[in-house]
Amino acid sequence: MTEEKNIALTLDRIRQLESDHVLQTYARFPVLMVRGNGNNLYDETGKSYLDFISGIGVNVLGHNHPLVRRILREQGDMIHISNLYYHPYQGELAERLTVASGMSRVFYANTGTESVEGALKLARAWQRRRGRDKKTEFVSLLNSFHGRTMGSLSVTAQTKYRQPFEPLIPGVRFIDPNQCEDDFAAARAAINENTAAVIIETIQGEGGVHPINDYFLNVVRQACDEVDALLILDEVQSGLGRTGKVFAFENTQVRPDVLCVAKPLGLGVPLGAFIVNERAADGLQPGDHGTTFGGGPLACRLSLALMELLLDQALMQRVAEVGTFFRKKLRRLQRSHPGIISDVRGLGLMVGAELSFPGRSVVTKMLERGFLLNCTHDTVLRFLPPYLIKKTEINTMLTHLEEVLVEEAAEQKS
Ligand SMILES: Cc1ncc(COP(=O)(O)O)c(C=O)c1O
């Protein structure tokens, strides 16, 4: 692909068409991206944008990666075949995912929300197979986000996502993952004889980049074991190398019964999966669950390439090390401008900086300067850069961010 890529329509025309014909569910920034290369996207004028969001955690190898280009070319003759037949890549990918996670079996979906949906269904069916018809409830965390379908939304705590669609699935309890004894007691009480499963993001993403405390996870694991409920970890955002480990739970002592992954799994082609351990593996029987697209040959082949890269210790060490560097730099910024950044959180290259004011206009100003970042939970700047982001690129971005934050803080005061 070259600079001369010909885009027939102007940004104004595209905006008009979308405004007339696309359901207006997104508040897009007024920028027209036409190509990508490495850690950069380019708009139709040729302006470059350094990518610190990776399509919300998807493009972990950046854009236009030679490996991805090669697979797209080679697999172009058989992109999809349905799940009626075998193709060469599903089984091998499942082997890699199960070996890497220490688990047993995989179901392929297409998105994060579908992987959560399937995991919830599996938990219900698993309990029912054991004659526990009343064990249908779910326990989730305050501040959680698990997706937009009815099931995944039902275990999503954030009101703004739920409210227009209520009533949702009944029997969902939300517990506070903070660290005081009261919270542990509440968790133990909420996880009871009616609980089918507990679902937790190992690191909460949309909720503002909050790693879940290891001790809390242990309490939940123990409570699940006591009442024979499944523990589902949702690593749609935090899994697959984002934290510097293949799976985020490897940073903790806890092991899930069901693990949800998606986002980078197909290296930009939609692919999600839930992975189950031996204990949960008989939850779904032939005909219980399915999908037309899930686990197609192109997506699985790309995913095999991803898994091979993630098993490379050097890449994972790099993610961990560059992530630590990034947070250290942000903390330095926090110290030199007290009152602007109130907290810096995250693990590996899943990084959050909590501001003391709303962050949307910071994101807009950074976009104007050629940097793509994202604000979640109103006040948290979220960074999910490609795993190949360079320290020099982080430094450049932070130099601009400092100027924008100082400017924005002054405007907030006036
Ligand atoms: C933790 C988590 N679970 C589920 C989802 C839903 O994934 P998708 O948007 O692919 O449906 C997301 C998306 O951001 C997520 O962060």
# chains A, B, ... in the order shown; residues from 1 in each chain; ligands from 1

call {"tool": "residues_around", "arguments": {"residues": "Ala94 in chain A", "least_positions_apart": "3", "cutoff": "7 Å", "atoms": "only C-alpha atoms", "output": "ChimeraX atom specification"}}
result
/A:90-91,97-98,105-106

call {"tool": "write_last_selection", "arguments": {"atoms": "N, CA and C atoms", "output": "CSV table (one decimal), in the first residue's frame"}}
result
chain,number,residue,atom,x,y,z
A,90,GLN,N,-8.0,-24.9,13.3
A,90,GLN,CA,-8.7,-24.9,14.6
A,90,GLN,C,-8.1,-25.7,15.7
A,91,GLY,N,-7.8,-27.0,15.3
A,91,GLY,CA,-7.3,-27.9,16.3
A,91,GLY,C,-5.9,-27.5,16.8
A,97,LEU,N,-3.6,-22.8,22.6
A,97,LEU,CA,-4.3,-22.0,23.7
A,97,LEU,C,-4.4,-22.8,25.0
A,98,THR,N,-4.7,-24.1,24.9
A,98,THR,CA,-4.9,-24.9,26.1
A,98,THR,C,-3.5,-25.2,26.8
A,105,ARG,N,-10.1,-27.3,26.9
A,105,ARG,CA,-10.8,-27.3,25.6
A,105,ARG,C,-11.2,-25.8,25.3
A,106,VAL,N,-11.4,-25.6,24.0
A,106,VAL,CA,-11.7,-24.3,23.5
A,106,VAL,C,-13.0,-24.3,22.7

call {"tool": "residues_around", "arguments": {"residues": "Val139 in chain A", "least_positions_apart": "5", "cutoff": "6 Å", "atoms": "only C-alpha atoms", "output": "list in words"}}
result
Val172, Arg173, Phe174 and Val198 of chain A

call {"tool": "write_last_selection", "arguments": {"atoms": "C-alpha atoms", "output": "CSV table (one decimal), in the first residue's frame"}}
result
chain,number,residue,atom,x,y,z
A,172,VAL,CA,-27.0,-11.3,39.1
A,173,ARG,CA,-25.3,-9.9,42.2
A,174,PHE,CA,-22.5,-7.3,42.1
A,198,VAL,CA,-18.6,-15.8,39.2

call {"tool": "closest_atom_pairs", "arguments": {"of": "chain A", "to": "ligand 1", "cutoff": "6 Å", "atoms": "only C-alpha atoms and all ligand atoms", "output": "JSON lines"}}
result
{"residue": "A:Thr111", "atom": "CA", "partner": "ligand 1", "partner_atom_place_in_ligand_line": "10 (O)", "distance": 4.0}
{"residue": "A:Gly112", "atom": "CA", "partner": "ligand 1", "partner_atom_place_in_ligand_line": "7 (O)", "distance": 3.3}
{"residue": "A:Thr113", "atom": "CA", "partner": "ligand 1", "partner_atom_place_in_ligand_line": "11 (O)", "distance": 3.7}
{"residue": "A:Phe145", "atom": "CA", "partner": "ligand 1", "partner_atom_place_in_ligand_line": "2 (C)", "distance": 5.7}
{"residue": "A:His146", "atom": "CA", "partner": "ligand 1", "partner_atom_place_in_ligand_line": "3 (N)", "distance": 3.8}
{"residue": "A:Gly147", "atom": "CA", "partner": "ligand 1", "partner_atom_place_in_ligand_line": "6 (C)", "distance": 3.9}
{"residue": "A:Glu201", "atom": "CA", "partner": "ligand 1", "partner_atom_place_in_ligand_line": "1 (C)", "distance": 5.6}
{"residue": "A:Gly205", "atom": "CA", "partner": "ligand 1", "partner_atom_place_in_ligand_line": "16 (O)", "distance": 5.4}
{"residue": "A:Glu206", "atom": "CA", "partner": "ligand 1", "partner_atom_place_in_ligand_line": "16 (O)", "distance": 5.9}
{"residue": "A:Asp234", "atom": "CA", "partner": "ligand 1", "partner_atom_place_in_ligand_line": "1 (C)", "distance": 5.5}
{"residue": "A:Glu235", "atom": "CA", "partner": "ligand 1", "partner_atom_place_in_ligand_line": "1 (C)", "distance": 5.8}
{"residue": "A:Val236", "atom": "CA", "partner": "ligand 1", "partner_atom_place_in_ligand_line": "2 (C)", "distance": 4.7}
{"residue": "A:Gln237", "atom": "CA", "partner": "ligand 1", "partner_atom_place_in_ligand_line": "16 (O)", "distance": 4.6}
{"residue": "A:Lys263", "atom": "CA", "partner": "ligand 1", "partner_atom_place_in_ligand_line": "10 (O)", "distance": 5.8}

call {"tool": "residues_around", "arguments": {"residues": "Glu278 in chain A", "least_positions_apart": "4", "cutoff": "9 Å", "atoms": "only C-alpha atoms", "output": "list in words"}}
result
Met103, Ser104, Arg105, Asp257 and Asp282 of chain A

call {"tool": "select_by_dssp", "arguments": {"residues": "range 24-192 of chain A", "states": "strand (DSSP E)", "output": "PyMOL selection string"}}
result
chain A and resi 33-37+40-43+48-51+105-109+137-141+172-175

call {"tool": "write_last_selection", "arguments": {"atoms": "N, CA and C atoms", "output": "JSON list (two decimals), in the first residue's frame"}}
result
[["chain", "number", "residue", "atom", "x", "y", "z"],
["A", 33, "MET", "N", -9.35, 7.79, 8.71],
["A", 33, "MET", "CA", -8.14, 6.97, 8.61],
["A", 33, "MET", "C", -8.16, 6.18, 7.31],
["A", 34, "VAL", "N", -7.07, 6.21, 6.59],
["A", 34, "VAL", "CA", -7.07, 5.50, 5.31],
["A", 34, "VAL", "C", -6.01, 4.40, 5.21],
["A", 35, "ARG", "N", -4.98, 4.46, 6.05],
["A", 35, "ARG", "CA", -4.02, 3.35, 6.02],
["A", 35, "ARG", "C", -3.21, 3.35, 7.33],
["A", 36, "GLY", "N", -2.51, 2.23, 7.53],
["A", 36, "GLY", "CA", -1.69, 2.12, 8.71],
["A", 36, "GLY", "C", -0.34, 1.54, 8.37],
["A", 37, "ASN", "N", 0.63, 1.84, 9.20],
["A", 37, "ASN", "CA", 1.94, 1.22, 9.04],
["A", 37, "ASN", "C", 2.67, 1.26, 10.38],
["A", 40, "ASN", "N", 1.72, 3.53, 13.46],
["A", 40, "ASN", "CA", 1.05, 4.75, 12.98],
["A", 40, "ASN", "C", -0.15, 4.45, 12.11],
["A", 41, "LEU", "N", -1.17, 5.32, 12.24],
["A", 41, "LEU", "CA", -2.26, 5.38, 11.27],
["A", 41, "LEU", "C", -2.10, 6.69, 10.51],
["A", 42, "TYR", "N", -2.69, 6.75, 9.31],
["A", 42, "TYR", "CA", -2.58, 7.95, 8.47],
["A", 42, "TYR", "C", -3.96, 8.35, 7.99],
["A", 43, "ASP", "N", -4.24, 9.67, 8.02],
["A", 43, "ASP", "CA", -5.52, 10.11, 7.49],
["A", 43, "ASP", "C", -5.39, 10.43, 6.00],
["A", 48, "SER", "N", 0.10, 11.73, 10.06],
["A", 48, "SER", "CA", 0.28, 10.48, 10.80],
["A", 48, "SER", "C", -0.19, 10.62, 12.25],
["A", 49, "TYR", "N", -0.63, 9.52, 12.79],
["A", 49, "TYR", "CA", -1.10, 9.45, 14.18],
["A", 49, "TYR", "C", -0.41, 8.28, 14.86],
["A", 50, "LEU", "N", 0.29, 8.56, 15.92],
["A", 50, "LEU", "CA", 0.95, 7.50, 16.68],
["A", 50, "LEU", "C", -0.11, 6.79, 17.52],
["A", 51, "ASP", "N", -0.18, 5.48, 17.39],
["A", 51, "ASP", "CA", -1.33, 4.72, 17.89],
["A", 51, "ASP", "C", -1.09, 4.19, 19.30],
["A", 105, "ARG", "N", -10.07, -27.32, 26.93],
["A", 105, "ARG", "CA", -10.78, -27.27, 25.64],
["A", 105, "ARG", "C", -11.18, -25.84, 25.29],
["A", 106, "VAL", "N", -11.42, -25.63, 23.98],
["A", 106, "VAL", "CA", -11.70, -24.27, 23.48],
["A", 106, "VAL", "C", -13.01, -24.27, 22.71],
["A", 107, "PHE", "N", -13.80, -23.21, 22.88],
["A", 107, "PHE", "CA", -14.89, -22.92, 21.94],
["A", 107, "PHE", "C", -14.58, -21.60, 21.27],
["A", 108, "TYR", "N", -14.70, -21.57, 19.94],
["A", 108, "TYR", "CA", -14.40, -20.34, 19.20],
["A", 108, "TYR", "C", -15.65, -19.52, 18.96],
["A", 109, "ALA", "N", -15.57, -18.24, 19.27],
["A", 109, "ALA", "CA", -16.63, -17.29, 18.96],
["A", 109, "ALA", "C", -16.02, -16.21, 18.06],
["A", 137, "GLU", "N", -27.64, -18.51, 39.17],
["A", 137, "GLU", "CA", -27.29, -17.10, 39.35],
["A", 137, "GLU", "C", -25.82, -16.82, 39.03],
["A", 138, "PHE", "N", -25.55, -15.54, 38.77],
["A", 138, "PHE", "CA", -24.17, -15.12, 38.50],
["A", 138, "PHE", "C", -23.76, -14.04, 39.49],
["A", 139, "VAL", "N", -22.49, -14.05, 39.80],
["A", 139, "VAL", "CA", -21.92, -12.97, 40.64],
["A", 139, "VAL", "C", -20.87, -12.27, 39.80],
["A", 140, "SER", "N", -20.93, -10.95, 39.82],
["A", 140, "SER", "CA", -19.99, -10.14, 39.04],
["A", 140, "SER", "C", -19.49, -9.00, 39.92],
["A", 141, "LEU", "N", -18.64, -8.17, 39.37],
["A", 141, "LEU", "CA", -18.06, -7.09, 40.19],
["A", 141, "LEU", "C", -18.68, -5.74, 39.86],
["A", 172, "VAL", "N", -28.44, -11.70, 39.19],
["A", 172, "VAL", "CA", -27.02, -11.32, 39.12],
["A", 172, "VAL", "C", -26.71, -10.42, 40.31],
["A", 173, "ARG", "N", -25.68, -10.77, 41.05],
["A", 173, "ARG", "CA", -25.27, -9.95, 42.20],
["A", 173, "ARG", "C", -23.94, -9.29, 41.88],
["A", 174, "PHE", "N", -23.80, -8.05, 42.30],
["A", 174, "PHE", "CA", -22.55, -7.34, 42.07],
["A", 174, "PHE", "C", -21.85, -7.10, 43.40],
["A", 175, "ILE", "N", -20.58, -7.45, 43.45],
["A", 175, "ILE", "CA", -19.82, -7.28, 44.69],
["A", 175, "ILE", "C", -18.66, -6.33, 44.47]]

call {"tool": "closest_atom_pairs", "arguments": {"of": "range 38-144 of chain A", "to": "range 286-306 of chain A", "cutoff": "12 Å", "atoms": "only C-alpha atoms", "output": "JSON lines"}}
result
{"residue": "A:Val58", "atom": "CA", "partner": "A:Leu306", "partner_atom": "CA", "distance": 11.4}
{"residue": "A:Asn59", "atom": "CA", "partner": "A:Leu306", "partner_atom": "CA", "distance": 10.8}
{"residue": "A:Val60", "atom": "CA", "partner": "A:Leu306", "partner_atom": "CA", "distance": 9.1}
{"residue": "A:Leu61", "atom": "CA", "partner": "A:Leu306", "partner_atom": "CA", "distance": 8.8}
{"residue": "A:His65", "atom": "CA", "partner": "A:Leu302", "partner_atom": "CA", "distance": 11.5}
{"residue": "A:Pro66", "atom": "CA", "partner": "A:Ala305", "partner_atom": "CA", "distance": 11.6}
{"residue": "A:Leu67", "atom": "CA", "partner": "A:Ala305", "partner_atom": "CA", "distance": 7.8}
{"residue": "A:Val68", "atom": "CA", "partner": "A:Leu302", "partner_atom": "CA", "distance": 6.8}
{"residue": "A:Arg69", "atom": "CA", "partner": "A:Leu302", "partner_atom": "CA", "distance": 9.9}
{"residue": "A:Arg70", "atom": "CA", "partner": "A:Leu302", "partner_atom": "CA", "distance": 9.8}
{"residue": "A:Ile71", "atom": "CA", "partner": "A:Leu302", "partner_atom": "CA", "distance": 6.7}
{"residue": "A:Leu72", "atom": "CA", "partner": "A:Leu298", "partner_atom": "CA", "distance": 7.3}
{"residue": "A:Arg73", "atom": "CA", "partner": "A:Leu298", "partner_atom": "CA", "distance": 10.1}
{"residue": "A:Glu74", "atom": "CA", "partner": "A:Leu298", "partner_atom": "CA", "distance": 9.2}
{"residue": "A:Gln75", "atom": "CA", "partner": "A:Leu298", "partner_atom": "CA", "distance": 5.9}
{"residue": "A:Gly76", "atom": "CA", "partner": "A:Leu298", "partner_atom": "CA", "distance": 7.7}
{"residue": "A:Asp77", "atom": "CA", "partner": "A:Leu298", "partner_atom": "CA", "distance": 9.5}
{"residue": "A:Met78", "atom": "CA", "partner": "A:Pro297", "partner_atom": "CA", "distance": 6.9}
{"residue": "A:Ile79", "atom": "CA", "partner": "A:Leu298", "partner_atom": "CA", "distance": 5.0}
{"residue": "A:His80", "atom": "CA", "partner": "A:Gly296", "partner_atom": "CA", "distance": 5.2}
{"residue": "A:Ile81", "atom": "CA", "partner": "A:Gly296", "partner_atom": "CA", "distance": 6.7}
{"residue": "A:Ser82", "atom": "CA", "partner": "A:Thr292", "partner_atom": "CA", "distance": 5.4}
{"residue": "A:Asn83", "atom": "CA", "partner": "A:Thr292", "partner_atom": "CA", "distance": 6.5}
{"residue": "A:Leu84", "atom": "CA", "partner": "A:Thr292", "partner_atom": "CA", "distance": 9.0}
{"residue": "A:Tyr85", "atom": "CA", "partner": "A:Gly296", "partner_atom": "CA", "distance": 10.4}
{"residue": "A:Tyr86", "atom": "CA", "partner": "A:Pro297", "partner_atom": "CA", "distance": 9.3}
{"residue": "A:His87", "atom": "CA", "partner": "A:Pro297", "partner_atom": "CA", "distance": 6.4}
{"residue": "A:Pro88", "atom": "CA", "partner": "A:Pro297", "partner_atom": "CA", "distance": 7.4}
{"residue": "A:Tyr89", "atom": "CA", "partner": "A:Cys300", "partner_atom": "CA", "distance": 5.7}
{"residue": "A:Gln90", "atom": "CA", "partner": "A:Cys300", "partner_atom": "CA", "distance": 6.0}
{"residue": "A:Gly91", "atom": "CA", "partner": "A:Cys300", "partner_atom": "CA", "distance": 9.2}
{"residue": "A:Glu92", "atom": "CA", "partner": "A:Leu304", "partner_atom": "CA", "distance": 7.7}
{"residue": "A:Leu93", "atom": "CA", "partner": "A:Leu304", "partner_atom": "CA", "distance": 5.6}
{"residue": "A:Ala94", "atom": "CA", "partner": "A:Leu304", "partner_atom": "CA", "distance": 9.2}
{"residue": "A:Glu95", "atom": "CA", "partner": "A:Leu304", "partner_atom": "CA", "distance": 10.0}
{"residue": "A:Arg96", "atom": "CA", "partner": "A:Leu304", "partner_atom": "CA", "distance": 7.8}
{"residue": "A:Leu97", "atom": "CA", "partner": "A:Leu304", "partner_atom": "CA", "distance": 9.2}
{"residue": "A:Val106", "atom": "CA", "partner": "A:Gly295", "partner_atom": "CA", "distance": 10.1}
{"residue": "A:Phe107", "atom": "CA", "partner": "A:Gly295", "partner_atom": "CA", "distance": 8.3}
{"residue": "A:Tyr108", "atom": "CA", "partner": "A:Gly295", "partner_atom": "CA", "distance": 5.1}
{"residue": "A:Ala109", "atom": "CA", "partner": "A:Gly294", "partner_atom": "CA", "distance": 4.3}
{"residue": "A:Asn110", "atom": "CA", "partner": "A:Gly294", "partner_atom": "CA", "distance": 5.1}
{"residue": "A:Thr111", "atom": "CA", "partner": "A:Gly294", "partner_atom": "CA", "distance": 8.8}
{"residue": "A:Gly112", "atom": "CA", "partner": "A:Gly294", "partner_atom": "CA", "distance": 11.7}
{"residue": "A:Glu114", "atom": "CA", "partner": "A:Thr291", "partner_atom": "CA", "distance": 9.7}
{"residue": "A:Ser115", "atom": "CA", "partner": "A:Gly294", "partner_atom": "CA", "distance": 10.1}
{"residue": "A:Glu117", "atom": "CA", "partner": "A:His289", "partner_atom": "CA", "distance": 10.4}
{"residue": "A:Gly118", "atom": "CA", "partner": "A:His289", "partner_atom": "CA", "distance": 7.6}
{"residue": "A:Ala119", "atom": "CA", "partner": "A:His289", "partner_atom": "CA", "distance": 10.5}
{"residue": "A:Leu120", "atom": "CA", "partner": "A:His289", "partner_atom": "CA", "distance": 11.5}
{"residue": "A:Lys121", "atom": "CA", "partner": "A:His289", "partner_atom": "CA", "distance": 8.4}
{"residue": "A:Leu122", "atom": "CA", "partner": "A:His289", "partner_atom": "CA", "distance": 8.7}
{"residue": "A:Arg124", "atom": "CA", "partner": "A:Asp288", "partner_atom": "CA", "distance": 11.5}
{"residue": "A:Ala125", "atom": "CA", "partner": "A:Asp288", "partner_atom": "CA", "distance": 8.7}
{"residue": "A:Trp126", "atom": "CA", "partner": "A:Asp288", "partner_atom": "CA", "distance": 11.2}

call {"tool": "residues_around", "arguments": {"residues": "Asn192 in chain A", "least_positions_apart": "2", "cutoff": "12 Å", "atoms": "only C-alpha atoms", "output": "compact mmCIF listing (two decimals) with N, CA and C atoms, in the first residue's frame"}}
result
# COMPACT_ATOMS: atom_id res chain seq x y z
N LYS A 134 -31.45 -25.20 40.35
CA LYS A 134 -31.61 -23.87 40.98
C LYS A 134 -30.32 -23.05 40.92
N LYS A 135 -29.24 -23.70 40.52
CA LYS A 135 -27.95 -22.99 40.51
C LYS A 135 -27.82 -22.23 39.18
N THR A 136 -28.51 -21.08 39.10
CA THR A 136 -28.57 -20.35 37.83
C THR A 136 -28.02 -18.93 37.95
N GLU A 137 -27.64 -18.51 39.17
CA GLU A 137 -27.29 -17.10 39.35
C GLU A 137 -25.82 -16.82 39.03
N PHE A 138 -25.55 -15.54 38.77
CA PHE A 138 -24.17 -15.12 38.50
C PHE A 138 -23.76 -14.04 39.49
N VAL A 139 -22.49 -14.05 39.80
CA VAL A 139 -21.92 -12.97 40.64
C VAL A 139 -20.87 -12.27 39.80
N GLY A 171 -31.11 -12.42 38.80
CA GLY A 171 -30.24 -13.27 39.61
C GLY A 171 -28.77 -12.97 39.42
N VAL A 172 -28.44 -11.70 39.19
CA VAL A 172 -27.02 -11.32 39.12
C VAL A 172 -26.71 -10.42 40.31
N ARG A 173 -25.68 -10.77 41.05
CA ARG A 173 -25.27 -9.95 42.20
C ARG A 173 -23.94 -9.29 41.88
N ALA A 186 -18.65 -9.89 52.11
CA ALA A 186 -19.76 -9.73 51.16
C ALA A 186 -19.59 -10.68 49.98
N ALA A 187 -18.35 -10.84 49.53
CA ALA A 187 -18.09 -11.76 48.42
C ALA A 187 -18.47 -13.18 48.81
N ARG A 188 -18.03 -13.58 50.01
CA ARG A 188 -18.34 -14.95 50.46
C ARG A 188 -19.84 -15.16 50.57
N ALA A 189 -20.56 -14.12 51.02
CA ALA A 189 -22.01 -14.25 51.20
C ALA A 189 -22.72 -14.28 49.85
N ALA A 190 -22.23 -13.51 48.88
CA ALA A 190 -22.90 -13.44 47.57
C ALA A 190 -22.73 -14.72 46.77
N ASN A 194 -26.92 -20.86 45.21
CA ASN A 194 -27.63 -20.60 43.94
C ASN A 194 -26.71 -20.12 42.83
N THR A 195 -25.42 -19.97 43.13
CA THR A 195 -24.50 -19.37 42.16
C THR A 195 -24.03 -20.39 41.12
N ALA A 196 -24.27 -20.06 39.85
CA ALA A 196 -23.73 -20.92 38.77
C ALA A 196 -22.27 -20.58 38.52
N ALA A 197 -21.97 -19.27 38.48
CA ALA A 197 -20.59 -18.86 38.20
C ALA A 197 -20.34 -17.44 38.68
N VAL A 198 -19.07 -17.16 38.88
CA VAL A 198 -18.62 -15.79 39.19
C VAL A 198 -17.80 -15.34 37.99
N VAL A 220 -12.43 -15.28 46.27
CA VAL A 220 -13.49 -15.67 45.34
C VAL A 220 -13.27 -17.12 44.87
N GLN A 222 -11.82 -19.53 46.38
CA GLN A 222 -12.15 -20.44 47.48
C GLN A 222 -13.66 -20.58 47.64
N ALA A 223 -14.35 -19.42 47.57
CA ALA A 223 -15.81 -19.43 47.72
C ALA A 223 -16.44 -20.24 46.59
N CYS A 224 -15.93 -20.09 45.37
CA CYS A 224 -16.46 -20.86 44.22
C CYS A 224 -16.29 -22.35 44.48
N ASP A 225 -15.12 -22.73 44.98
CA ASP A 225 -14.87 -24.15 45.22
C ASP A 225 -15.82 -24.69 46.31
N GLU A 226 -16.06 -23.86 47.32
CA GLU A 226 -16.92 -24.31 48.42
C GLU A 226 -18.34 -24.61 47.96
N VAL A 227 -18.87 -23.80 47.01
CA VAL A 227 -20.27 -24.00 46.59
C VAL A 227 -20.38 -24.62 45.20
N ASP A 228 -19.26 -25.08 44.66
CA ASP A 228 -19.23 -25.69 43.32
C ASP A 228 -19.78 -24.74 42.25
N ALA A 229 -19.29 -23.52 42.27
CA ALA A 229 -19.60 -22.56 41.20
C ALA A 229 -18.35 -22.42 40.33
N LEU A 230 -18.54 -22.07 39.06
CA LEU A 230 -17.38 -21.90 38.18
C LEU A 230 -16.84 -20.49 38.30

call {"tool": "residues_around", "arguments": {"residues": "Glu44 in chain A", "least_positions_apart": "3", "cutoff": "9 Å", "atoms": "only C-alpha atoms", "output": "ChimeraX atom specification"}}
result
/A:5-7,10-11,31-35,47

call {"tool": "select_by_dssp", "arguments": {"residues": "range 73-282 of chain A", "states": "helix (DSSP H, G or I)", "output": "JSON, numbers by chain"}}
result
{"A": [73, 74, 90, 91, 92, 93, 94, 95, 96, 97, 98, 99, 100, 101, 112, 113, 114, 115, 116, 117, 118, 119, 120, 121, 122, 123, 124, 125, 126, 127, 128, 129, 150, 151, 152, 153, 154, 159, 160, 161, 162, 163, 164, 165, 181, 182, 183, 184, 185, 186, 187, 188, 189, 190, 214, 215, 216, 217, 218, 219, 220, 221, 222, 223, 224, 225, 226, 227, 248, 249, 250, 251, 263, 264, 265, 266]}

call {"tool": "residues_around", "arguments": {"residues": "Gln163 in chain A", "least_positions_apart": "4", "cutoff": "12 Å", "atoms": "only C-alpha atoms", "output": "mmCIF file with C-alpha atoms, in the first residue's frame"}}
result
data_model
loop_
_atom_site.group_PDB
_atom_site.id
_atom_site.type_symbol
_atom_site.label_atom_id
_atom_site.label_comp_id
_atom_site.auth_asym_id
_atom_site.auth_seq_id
_atom_site.Cartn_x
_atom_site.Cartn_y
_atom_site.Cartn_z
ATOM 1 C CA ARG A 148 -23.272 -5.727 25.027
ATOM 2 C CA MET A 150 -28.200 -9.535 26.847
ATOM 3 C CA LEU A 153 -24.754 -7.012 29.642
ATOM 4 C CA SER A 154 -26.588 -8.648 32.539
ATOM 5 C CA THR A 156 -21.994 -5.783 33.376
ATOM 6 C CA ALA A 157 -22.380 -3.487 36.360
ATOM 7 C CA GLN A 158 -22.022 -0.064 34.779
ATOM 8 C CA THR A 159 -25.505 1.513 34.726
ATOM 9 C CA PRO A 167 -35.043 -5.884 32.510
ATOM 10 C CA LEU A 168 -31.925 -7.976 32.035
#

call {"tool": "residues_around", "arguments": {"residues": "range 382-391 of chain A", "least_positions_apart": "3", "cutoff": "7 Å", "atoms": "only C-alpha atoms", "output": "list of chain:residue names"}}
result
A:Asn39, A:Asp51, A:Phe52, A:Ile53, A:Ser54, A:Ile56, A:Gly57, A:Asn59, A:Val60, A:Leu61, A:Gly62, A:Val319, A:Val322, A:Leu349, A:Met350, A:Val351, A:Gly352, A:Ala353, A:Leu373, A:Asn374, A:Cys375, A:Thr376, A:Ile394, A:Asn395
